[in-house]
Amino acid sequence: MTTAAAPPRVPEAIHRRRWAILGTLVLALLVVVLDNSILNVAMKTIASPAPTGIGASQSDLEWSINSYTLVFAGLLFTSGLLGDRFGRKRALLAGMAVFGIASLLSAMASTPAELIGYRALMGVGGALAMPATLAIIMNVFERSEQPKAIGIWAGAVGLAIAIGPITGGLLIEHFWWGSVFLINVPVVIVALVAMVLLVPESKDPKPGRLDPIGVLLSIIGLVALIYGIIKGGELADFTVVEAWGPVLLGVLALAAFVVFESRTESPALDISWFRNRVFSASVVVIGVVFFGLMGVSFFGVFYIQSVREYTALQAGLLMLPLAVAQLLFAPRARLVVDRFGVRATCAGGMVLMTAGFLGYMLLSATTPIWVLVVLGLLMGTGMAHVMPPVTVAIMGSLPREKAGAGSAVNNTFRQVGGSLGVAVLGAVLSAVYRDGMSDRLAQLPTEELREKAGESLEATRAVAGRLGEKGQDLIGPANDSFIHAMHVVAGLSAGILAVGALLAWFLLPGRVPAGGPAGGPAGQDGPGAAAAGGQRLPGQSGPDRKSAVADA
């Protein structure tokens, strides 16, 4: 008796070089994520007056991150559709080229406004490239290897987080601040050459029409919402029209986006996907994780460098435990899922992250530095057991021909969550800090100094420096106020992560069928089918890569 095994979906020539292709895609992922992690370390230097930095305010620093993230998130839907329509390899190459050019321009920026604008252009490049990476992975790996490949893909984020702060610290100590962007250029060049030689082309055979109205509504909604949140933090008052007005506009625009997408024939985002409980829970979990991660990265840099007075390089080294834990455990998360299931693995990972945030509430100006190392390991381990399983669940819950769109949704929620984390937690940090310093700031001689010193811890230290010996009385209270604000933000993050853990426990599936994370919609092949991206790859003349028959 003979039993035919499931036919391989990937051509032999592509299958043989699949790991080299993955390495190339990881290189693209590295340069995009690495740029943001480098920027976190460089923020203190960029905030310094010229010639050391460009005198960026707290709001400028937040927008140097948010301008990239908002453009990235807003264009991901369209970029995913462009990749599906014209070719994912073409989208990847175009995105990396734009990203490299924008990195060069960012390195040459002379004002905060220029930096914010060039960072937005980098977001265009990132939006073109990122959806293609995961979609191509689903095309070149067989069903059985997809969880491992996605684990490595997710672990690359940890590698970038590890390399970024250390690289940024070395560059800041030996070169000018623009070198943190210039370093991207040679990496982009190497990645482009490797992509041309190794990465196969693939397309969706039935791509939908572009949706410019939906994309425009999403961009308006996100930009207005986060601008209002940042403005409220700057003013330490969310009741003024300058804060709640943009927030209201953003909410209305996002509501219009949902209504429009649910009625248009070719939506950028198919709202019906969110009726799938696994899909909805997974994207929410991704957003929650990056909400907390970007927030702690933002205030962690200032705690380490300003309060504890470590150098940029030392700050990078202190972020290493979080990154290394993620790098080590993310590729192996599939083994934990195999034993305990998706639900328990993800919820457990989020509990570990919650514990890490609670640990930040215990930090003071004299806490032993090994405590930060332990907290980093704890949070990195938790994140490593969340991201790979939910990413596999997202890709597996969509029709196989929608690999590009699924990747776009995954990355959109990742980036929107991170952007909201910086905006919301940054606003709370700013408001609590300003409130804690109100009595001290009232003693400053001019309104201009009081306004400037209230922006951030770094701004207060700059004003103290200008005032000479009299200003030194501000340093101690400023550190105490910042630590209190950090505790409030850490507690808020812990609460949000705890809610995310409950969502993961109650909404994610327990066990998954062998060979894939979840079954696809009716009539689809599920996650394994996504490996084919809805079509045969170039060079695939038939369904079988080679004969797969077992004799019993």
# chains A, B, ... in the order shown; residues from 1 in each chain; ligands from 1

call {"tool": "residues_around", "arguments": {"residues": "segment 213-220 of chain A", "least_positions_apart": "6", "cutoff": "9 Å", "atoms": "only C-alpha atoms", "output": "list in words"}}
result
Leu70, Val71, Ala73, Gly74, Leu75, Leu76, Phe77, Thr78, Leu249, Gly250, Ala253, Leu254, Ala256, Phe257, Val258, Phe260, Glu261, Pro267, Ala268 and Leu269 of chain A

call {"tool": "write_last_selection", "arguments": {"atoms": "N, CA and C atoms", "output": "mmCIF file, in the first residue's frame"}}
result
data_model
loop_
_atom_site.group_PDB
_atom_site.id
_atom_site.type_symbol
_atom_site.label_atom_id
_atom_site.label_comp_id
_atom_site.auth_asym_id
_atom_site.auth_seq_id
_atom_site.Cartn_x
_atom_site.Cartn_y
_atom_site.Cartn_z
ATOM 1 N N LEU A 70 4.322 56.863 11.630
ATOM 2 C CA LEU A 70 3.007 57.177 11.081
ATOM 3 C C LEU A 70 2.978 57.012 9.565
ATOM 4 N N VAL A 71 4.020 57.471 8.884
ATOM 5 C CA VAL A 71 4.092 57.277 7.434
ATOM 6 C C VAL A 71 4.187 55.791 7.116
ATOM 7 N N ALA A 73 3.146 53.216 8.954
ATOM 8 C CA ALA A 73 1.872 52.539 9.211
ATOM 9 C C ALA A 73 0.812 52.929 8.201
ATOM 10 N N GLY A 74 0.783 54.214 7.837
ATOM 11 C CA GLY A 74 -0.229 54.680 6.908
ATOM 12 C C GLY A 74 -0.084 54.108 5.516
ATOM 13 N N LEU A 75 1.154 53.828 5.093
ATOM 14 C CA LEU A 75 1.391 53.335 3.742
ATOM 15 C C LEU A 75 1.507 51.822 3.651
ATOM 16 N N LEU A 76 1.512 51.140 4.784
ATOM 17 C CA LEU A 76 1.690 49.685 4.751
ATOM 18 C C LEU A 76 0.606 48.983 3.946
ATOM 19 N N PHE A 77 -0.639 49.421 4.092
ATOM 20 C CA PHE A 77 -1.730 48.776 3.371
ATOM 21 C C PHE A 77 -1.497 48.870 1.864
ATOM 22 N N THR A 78 -1.245 50.100 1.406
ATOM 23 C CA THR A 78 -1.017 50.305 -0.018
ATOM 24 C C THR A 78 0.245 49.585 -0.479
ATOM 25 N N LEU A 249 -10.623 64.700 15.953
ATOM 26 C CA LEU A 249 -10.491 64.567 14.500
ATOM 27 C C LEU A 249 -9.938 63.195 14.130
ATOM 28 N N GLY A 250 -8.938 62.739 14.879
ATOM 29 C CA GLY A 250 -8.346 61.438 14.595
ATOM 30 C C GLY A 250 -9.332 60.301 14.774
ATOM 31 N N ALA A 253 -11.819 60.370 11.893
ATOM 32 C CA ALA A 253 -11.213 59.910 10.640
ATOM 33 C C ALA A 253 -11.031 58.395 10.644
ATOM 34 N N LEU A 254 -10.625 57.839 11.781
ATOM 35 C CA LEU A 254 -10.458 56.385 11.853
ATOM 36 C C LEU A 254 -11.810 55.678 11.778
ATOM 37 N N ALA A 256 -14.390 56.836 10.103
ATOM 38 C CA ALA A 256 -14.743 56.923 8.681
ATOM 39 C C ALA A 256 -13.960 55.895 7.871
ATOM 40 N N PHE A 257 -12.711 55.660 8.260
ATOM 41 C CA PHE A 257 -11.885 54.653 7.590
ATOM 42 C C PHE A 257 -12.523 53.273 7.691
ATOM 43 N N VAL A 258 -12.972 52.919 8.898
ATOM 44 C CA VAL A 258 -13.594 51.607 9.105
ATOM 45 C C VAL A 258 -14.867 51.478 8.270
ATOM 46 N N PHE A 260 -15.714 53.165 5.526
ATOM 47 C CA PHE A 260 -15.392 53.146 4.099
ATOM 48 C C PHE A 260 -14.826 51.790 3.680
ATOM 49 N N GLU A 261 -13.920 51.250 4.498
ATOM 50 C CA GLU A 261 -13.299 49.962 4.161
ATOM 51 C C GLU A 261 -14.315 48.823 4.170
ATOM 52 N N PRO A 267 -11.023 47.024 -0.601
ATOM 53 C CA PRO A 267 -10.473 47.759 0.547
ATOM 54 C C PRO A 267 -8.983 47.508 0.733
ATOM 55 N N ALA A 268 -8.292 48.528 1.224
ATOM 56 C CA ALA A 268 -6.894 48.337 1.604
ATOM 57 C C ALA A 268 -6.813 47.370 2.780
ATOM 58 N N LEU A 269 -7.772 47.456 3.681
ATOM 59 C CA LEU A 269 -7.859 46.538 4.815
ATOM 60 C C LEU A 269 -9.240 45.902 4.812
#

call {"tool": "residues_around", "arguments": {"residues": "segment 29-33 of chain A", "least_positions_apart": "6", "cutoff": "8 Å", "atoms": "only C-alpha atoms", "output": "MDAnalysis selection string"}}
result
chainID A and resid 126 130 133 156:157 159:161 184 187:188

call {"tool": "residues_around", "arguments": {"residues": "segment 404-410 of chain A", "least_positions_apart": "5", "cutoff": "7 Å", "atoms": "only C-alpha atoms", "output": "VMD selection string"}}
result
chain A and resid 76 to 77 80 to 81 83 to 84 131 to 132 134 to 135 283 391 394 to 395 398

call {"tool": "closest_residue", "arguments": {"among": "A:Ala485, A:Ile38, A:Ala330, A:Leu375", "to": "Leu170 of chain A", "atoms": "only C-alpha atoms"}}
result
A:Ile38

call {"tool": "select_by_dssp", "arguments": {"residues": "segment 136-376 of chain A", "states": "helix (DSSP H, G or I)", "output": "compact mmCIF listing (two decimals) with C-alpha atoms, in the first residue's frame"}}
result
# COMPACT_ATOMS: atom_id res chain seq x y z
CA ILE A 136 8.41 36.24 0.73
CA ILE A 137 9.18 34.01 3.72
CA MET A 138 5.71 32.48 3.37
CA ASN A 139 6.50 31.86 -0.30
CA VAL A 140 9.89 30.18 -0.03
CA ARG A 143 4.49 24.54 5.79
CA SER A 144 6.53 22.56 8.30
CA GLU A 145 9.37 25.08 8.32
CA GLN A 146 7.33 28.28 8.45
CA PRO A 147 7.12 28.55 12.28
CA LYS A 148 10.91 28.20 12.54
CA ALA A 149 11.51 30.74 9.78
CA ILE A 150 9.08 33.21 11.33
CA GLY A 151 10.74 32.67 14.71
CA ILE A 152 14.10 33.63 13.18
CA TRP A 153 12.43 36.60 11.47
CA ALA A 154 11.01 37.75 14.81
CA GLY A 155 14.31 37.03 16.56
CA ALA A 156 16.04 39.36 14.12
CA VAL A 157 14.19 42.18 15.86
CA GLY A 158 16.04 41.18 19.03
CA LEU A 159 19.33 41.11 17.14
CA ALA A 160 18.68 44.63 15.82
CA ILE A 161 17.77 45.83 19.31
CA ALA A 162 21.07 44.37 20.54
CA ILE A 163 23.25 45.76 17.77
CA GLY A 164 21.51 49.13 17.56
CA PRO A 165 22.23 50.62 21.00
CA ILE A 166 25.82 49.39 21.06
CA THR A 167 26.48 50.57 17.52
CA GLY A 168 24.77 53.86 18.31
CA GLY A 169 26.80 54.28 21.48
CA LEU A 170 30.09 53.69 19.65
CA LEU A 171 29.13 56.07 16.87
CA ILE A 172 27.97 58.82 19.24
CA GLU A 173 31.17 58.58 21.28
CA HIS A 174 33.50 58.74 18.26
CA SER A 179 26.57 58.85 11.85
CA VAL A 180 23.69 56.86 13.38
CA PHE A 181 21.84 57.32 10.08
CA LEU A 182 24.86 57.18 7.78
CA ASN A 184 22.49 52.44 7.23
CA VAL A 185 23.84 53.26 3.76
CA PRO A 186 26.49 50.49 3.38
CA VAL A 187 24.12 47.93 4.92
CA VAL A 188 21.43 48.89 2.40
CA ILE A 189 23.88 48.54 -0.49
CA VAL A 190 24.89 45.02 0.60
CA ALA A 191 21.23 44.05 1.09
CA LEU A 192 20.25 45.31 -2.37
CA VAL A 193 22.97 43.25 -4.07
CA ALA A 194 21.97 40.11 -2.14
CA MET A 195 18.28 40.62 -2.94
CA VAL A 196 18.91 40.96 -6.67
CA LEU A 197 20.92 37.72 -6.68
CA LEU A 198 18.91 35.52 -4.30
CA PRO A 212 -6.15 55.83 -1.90
CA ILE A 213 -9.18 57.11 0.04
CA GLY A 214 -8.77 54.46 2.72
CA VAL A 215 -5.05 55.11 3.02
CA LEU A 216 -5.61 58.87 3.27
CA LEU A 217 -8.23 58.44 5.99
CA SER A 218 -5.93 56.16 7.99
CA ILE A 219 -3.01 58.60 7.77
CA ILE A 220 -5.18 61.57 8.79
CA GLY A 221 -6.66 59.60 11.68
CA LEU A 222 -3.36 58.37 13.09
CA VAL A 223 -1.49 61.65 12.68
CA ALA A 224 -4.28 63.71 14.24
CA LEU A 225 -4.79 61.29 17.14
CA ILE A 226 -1.12 61.07 18.11
CA TYR A 227 -0.52 64.78 17.55
CA GLY A 228 -3.30 65.55 20.02
CA ILE A 229 -1.85 63.16 22.58
CA ILE A 230 1.63 64.66 22.24
CA LYS A 231 0.24 68.19 22.47
CA GLY A 232 -1.65 67.33 25.63
CA GLY A 233 1.55 66.01 27.16
CA GLU A 234 3.49 69.13 26.19
CA LEU A 235 0.85 71.41 27.71
CA VAL A 241 -8.76 72.43 22.41
CA GLU A 242 -5.19 72.13 21.09
CA ALA A 243 -5.11 68.62 22.57
CA TRP A 244 -8.65 67.22 22.40
CA GLY A 245 -9.42 68.80 19.01
CA PRO A 246 -6.86 66.73 17.06
CA VAL A 247 -7.77 63.65 19.13
CA LEU A 248 -11.43 64.04 18.16
CA LEU A 249 -10.49 64.57 14.50
CA GLY A 250 -8.35 61.44 14.59
CA VAL A 251 -11.10 59.31 16.10
CA LEU A 252 -13.63 60.53 13.54
CA ALA A 253 -11.21 59.91 10.64
CA LEU A 254 -10.46 56.38 11.85
CA ALA A 255 -14.18 55.70 12.25
CA ALA A 256 -14.74 56.92 8.68
CA PHE A 257 -11.89 54.65 7.59
CA VAL A 258 -13.59 51.61 9.11
CA VAL A 259 -16.95 52.49 7.51
CA PHE A 260 -15.39 53.15 4.10
CA GLU A 261 -13.30 49.96 4.16
CA SER A 262 -16.35 47.87 5.07
CA ARG A 263 -18.27 49.18 2.03
CA ILE A 271 -12.54 44.62 7.80
CA SER A 272 -14.14 41.16 7.67
CA TRP A 273 -10.77 39.66 8.68
CA PHE A 274 -11.33 41.02 12.16
CA ARG A 275 -14.35 38.74 12.59
CA ARG A 277 -11.16 35.77 16.65
CA VAL A 278 -7.61 34.43 16.27
CA PHE A 279 -6.68 37.17 13.79
CA SER A 280 -8.17 39.96 15.90
CA ALA A 281 -6.61 38.77 19.15
CA SER A 282 -3.20 38.32 17.51
CA VAL A 283 -3.00 41.81 16.03
CA VAL A 284 -4.16 43.36 19.31
CA VAL A 285 -1.49 41.42 21.21
CA ILE A 286 1.19 42.65 18.77
CA GLY A 287 0.05 46.25 19.22
CA VAL A 288 0.03 45.94 23.01
CA VAL A 289 3.52 44.40 23.14
CA PHE A 290 5.08 47.14 21.03
CA PHE A 291 3.11 49.81 22.86
CA GLY A 292 4.90 48.84 26.05
CA LEU A 293 8.27 48.08 24.45
CA MET A 294 8.65 51.45 22.68
CA GLY A 295 7.50 53.28 25.77
CA VAL A 296 10.08 51.66 28.05
CA SER A 297 12.77 52.19 25.41
CA PHE A 298 11.91 55.88 25.33
CA PHE A 299 12.03 56.59 29.07
CA GLY A 300 14.73 53.96 29.69
CA VAL A 301 17.29 55.91 27.68
CA PHE A 302 16.80 59.05 29.76
CA TYR A 303 16.84 57.13 33.03
CA ILE A 304 20.14 55.46 32.17
CA GLN A 305 21.88 58.43 30.55
CA SER A 306 20.46 61.43 32.42
CA VAL A 307 19.58 60.14 35.89
CA ALA A 312 25.60 56.38 25.24
CA LEU A 313 27.71 53.22 24.77
CA GLN A 314 27.05 52.08 28.33
CA ALA A 315 23.34 52.73 27.80
CA GLY A 316 23.49 50.51 24.72
CA LEU A 317 25.19 47.73 26.67
CA LEU A 318 22.52 47.92 29.37
CA LEU A 320 21.69 44.23 25.54
CA PRO A 321 20.04 41.71 27.93
CA LEU A 322 16.54 42.42 26.57
CA ALA A 323 17.75 41.98 23.02
CA VAL A 324 19.85 38.89 23.63
CA ALA A 325 17.00 37.12 25.43
CA GLN A 326 14.72 37.80 22.49
CA LEU A 327 17.34 36.64 19.99
CA LEU A 328 17.93 33.39 21.87
CA PHE A 329 14.35 32.44 22.64
CA ALA A 330 12.31 33.71 19.68
CA PRO A 331 13.52 31.03 17.20
CA ARG A 332 12.75 28.37 19.83
CA ALA A 333 9.29 29.64 20.79
CA ARG A 334 7.73 27.08 18.44
CA LEU A 335 8.95 24.31 20.77
CA VAL A 336 7.10 25.88 23.71
CA VAL A 337 4.00 26.25 21.52
CA ASP A 338 4.21 22.58 20.55
CA ARG A 339 4.18 21.58 24.20
CA PHE A 340 1.86 24.12 25.85
CA VAL A 342 -0.39 29.19 21.60
CA ARG A 343 -2.65 30.50 24.35
CA ALA A 344 -0.44 29.53 27.29
CA THR A 345 2.79 30.53 25.53
CA CYS A 346 1.63 34.03 24.58
CA ALA A 347 -0.17 34.74 27.85
CA GLY A 348 2.86 33.52 29.81
CA GLY A 349 5.16 35.74 27.76
CA MET A 350 2.99 38.77 28.44
CA VAL A 351 2.94 37.99 32.16
CA LEU A 352 6.75 38.02 32.11
CA MET A 353 6.70 41.42 30.38
CA THR A 354 4.18 42.70 32.93
CA ALA A 355 6.51 41.61 35.74
CA GLY A 356 9.33 43.48 34.04
CA PHE A 357 7.33 46.71 33.98
CA LEU A 358 6.41 46.27 37.61
CA GLY A 359 10.13 45.93 38.31
CA TYR A 360 10.72 49.35 36.73
CA ILE A 369 22.65 48.21 37.93
CA TRP A 370 22.29 44.41 37.86
CA VAL A 371 18.57 44.94 38.51
CA LEU A 372 18.28 46.53 35.05
CA VAL A 373 20.02 43.50 33.56
CA VAL A 374 17.53 41.13 35.20
CA LEU A 375 14.56 43.23 34.07
CA GLY A 376 15.90 43.27 30.52

call {"tool": "residues_around", "arguments": {"residues": "segment 117-124 of chain A", "least_positions_apart": "3", "cutoff": "8 Å", "atoms": "only C-alpha atoms", "output": "VMD selection string"}}
result
chain A and resid 64 to 65 67 to 72 75 95 98 to 100 102 to 103 105 to 106 109 113 to 114 127 to 128

call {"tool": "write_last_selection", "arguments": {"atoms": "N, CA and C atoms", "output": "mmCIF file, in the first residue's frame"}}
result
data_model
loop_
_atom_site.group_PDB
_atom_site.id
_atom_site.type_symbol
_atom_site.label_atom_id
_atom_site.label_comp_id
_atom_site.auth_asym_id
_atom_site.auth_seq_id
_atom_site.Cartn_x
_atom_site.Cartn_y
_atom_site.Cartn_z
ATOM 1 N N SER A 64 10.443 62.728 15.730
ATOM 2 C CA SER A 64 11.467 62.081 14.916
ATOM 3 C C SER A 64 11.225 60.583 14.849
ATOM 4 N N ILE A 65 10.570 60.048 15.855
ATOM 5 C CA ILE A 65 10.148 58.647 15.846
ATOM 6 C C ILE A 65 8.777 58.508 15.186
ATOM 7 N N SER A 67 7.077 60.502 13.123
ATOM 8 C CA SER A 67 6.951 60.832 11.700
ATOM 9 C C SER A 67 7.256 59.616 10.849
ATOM 10 N N TYR A 68 8.281 58.881 11.231
ATOM 11 C CA TYR A 68 8.614 57.633 10.530
ATOM 12 C C TYR A 68 7.497 56.611 10.699
ATOM 13 N N THR A 69 7.084 56.412 11.934
ATOM 14 C CA THR A 69 6.132 55.349 12.224
ATOM 15 C C THR A 69 4.765 55.612 11.602
ATOM 16 N N LEU A 70 4.322 56.863 11.630
ATOM 17 C CA LEU A 70 3.007 57.177 11.081
ATOM 18 C C LEU A 70 2.978 57.012 9.565
ATOM 19 N N VAL A 71 4.020 57.471 8.884
ATOM 20 C CA VAL A 71 4.092 57.277 7.434
ATOM 21 C C VAL A 71 4.187 55.791 7.116
ATOM 22 N N PHE A 72 5.016 55.092 7.866
ATOM 23 C CA PHE A 72 5.176 53.648 7.699
ATOM 24 C C PHE A 72 3.832 52.944 7.838
ATOM 25 N N LEU A 75 1.154 53.828 5.093
ATOM 26 C CA LEU A 75 1.391 53.335 3.742
ATOM 27 C C LEU A 75 1.507 51.822 3.651
ATOM 28 N N GLY A 95 11.835 49.786 -1.771
ATOM 29 C CA GLY A 95 11.805 50.258 -0.390
ATOM 30 C C GLY A 95 13.186 50.425 0.206
ATOM 31 N N VAL A 98 14.904 53.588 -1.294
ATOM 32 C CA VAL A 98 14.385 54.823 -0.700
ATOM 33 C C VAL A 98 14.881 54.973 0.736
ATOM 34 N N PHE A 99 14.893 53.888 1.473
ATOM 35 C CA PHE A 99 15.341 53.923 2.869
ATOM 36 C C PHE A 99 16.799 54.363 2.951
ATOM 37 N N GLY A 100 17.637 53.849 2.050
ATOM 38 C CA GLY A 100 19.049 54.219 2.064
ATOM 39 C C GLY A 100 19.264 55.688 1.730
ATOM 40 N N ALA A 102 17.067 58.154 2.082
ATOM 41 C CA ALA A 102 16.534 58.971 3.185
ATOM 42 C C ALA A 102 17.459 58.934 4.397
ATOM 43 N N SER A 103 18.133 57.821 4.627
ATOM 44 C CA SER A 103 19.098 57.736 5.733
ATOM 45 C C SER A 103 20.247 58.712 5.517
ATOM 46 N N LEU A 105 20.131 61.491 3.779
ATOM 47 C CA LEU A 105 19.600 62.836 3.984
ATOM 48 C C LEU A 105 19.423 63.145 5.472
ATOM 49 N N SER A 106 18.968 62.167 6.257
ATOM 50 C CA SER A 106 18.791 62.365 7.698
ATOM 51 C C SER A 106 20.115 62.675 8.376
ATOM 52 N N ALA A 109 20.865 66.358 8.099
ATOM 53 C CA ALA A 109 19.870 67.319 8.590
ATOM 54 C C ALA A 109 20.517 68.321 9.542
ATOM 55 N N ALA A 113 13.269 70.096 12.157
ATOM 56 C CA ALA A 113 12.242 69.972 11.113
ATOM 57 C C ALA A 113 12.759 69.142 9.939
ATOM 58 N N GLU A 114 14.008 69.367 9.533
ATOM 59 C CA GLU A 114 14.591 68.579 8.449
ATOM 60 C C GLU A 114 14.677 67.110 8.840
ATOM 61 N N ALA A 127 7.971 51.165 4.614
ATOM 62 C CA ALA A 127 6.632 50.651 4.304
ATOM 63 C C ALA A 127 6.646 49.784 3.052
ATOM 64 N N LEU A 128 7.465 50.146 2.067
ATOM 65 C CA LEU A 128 7.562 49.332 0.859
ATOM 66 C C LEU A 128 8.269 48.006 1.129
#

call {"tool": "closest_residue", "arguments": {"among": "A:Leu507, A:Met387, A:Leu93, A:Leu457", "to": "Ala431 of chain A", "atoms": "only C-alpha atoms"}}
result
A:Leu457

call {"tool": "atom_distance", "arguments": {"atom1": "atom CA of His385 of chain A", "atom2": "atom CA of Ala490 of chain A"}}
result
20.8 Å

call {"tool": "closest_residue", "arguments": {"among": "A:Phe141, A:Tyr433, A:Phe413, A:Trp505", "to": "Phe482 of chain A", "atoms": "only C-alpha atoms"}}
result
A:Tyr433

call {"tool": "atom_distance", "arguments": {"atom1": "atom CA of Leu378 of chain A", "atom2": "atom CA of Gly500 of chain A"}}
result
16.9 Å

call {"tool": "atom_distance", "arguments": {"atom1": "atom CA of Ile475 of chain A", "atom2": "atom CA of Ala56 of chain A"}}
result
20.1 Å

call {"tool": "closest_residue", "arguments": {"among": "A:Met361, A:Ala501, A:Ala393, A:Ile21", "to": "Val488 of chain A", "atoms": "only C-alpha atoms"}}
result
A:Met361
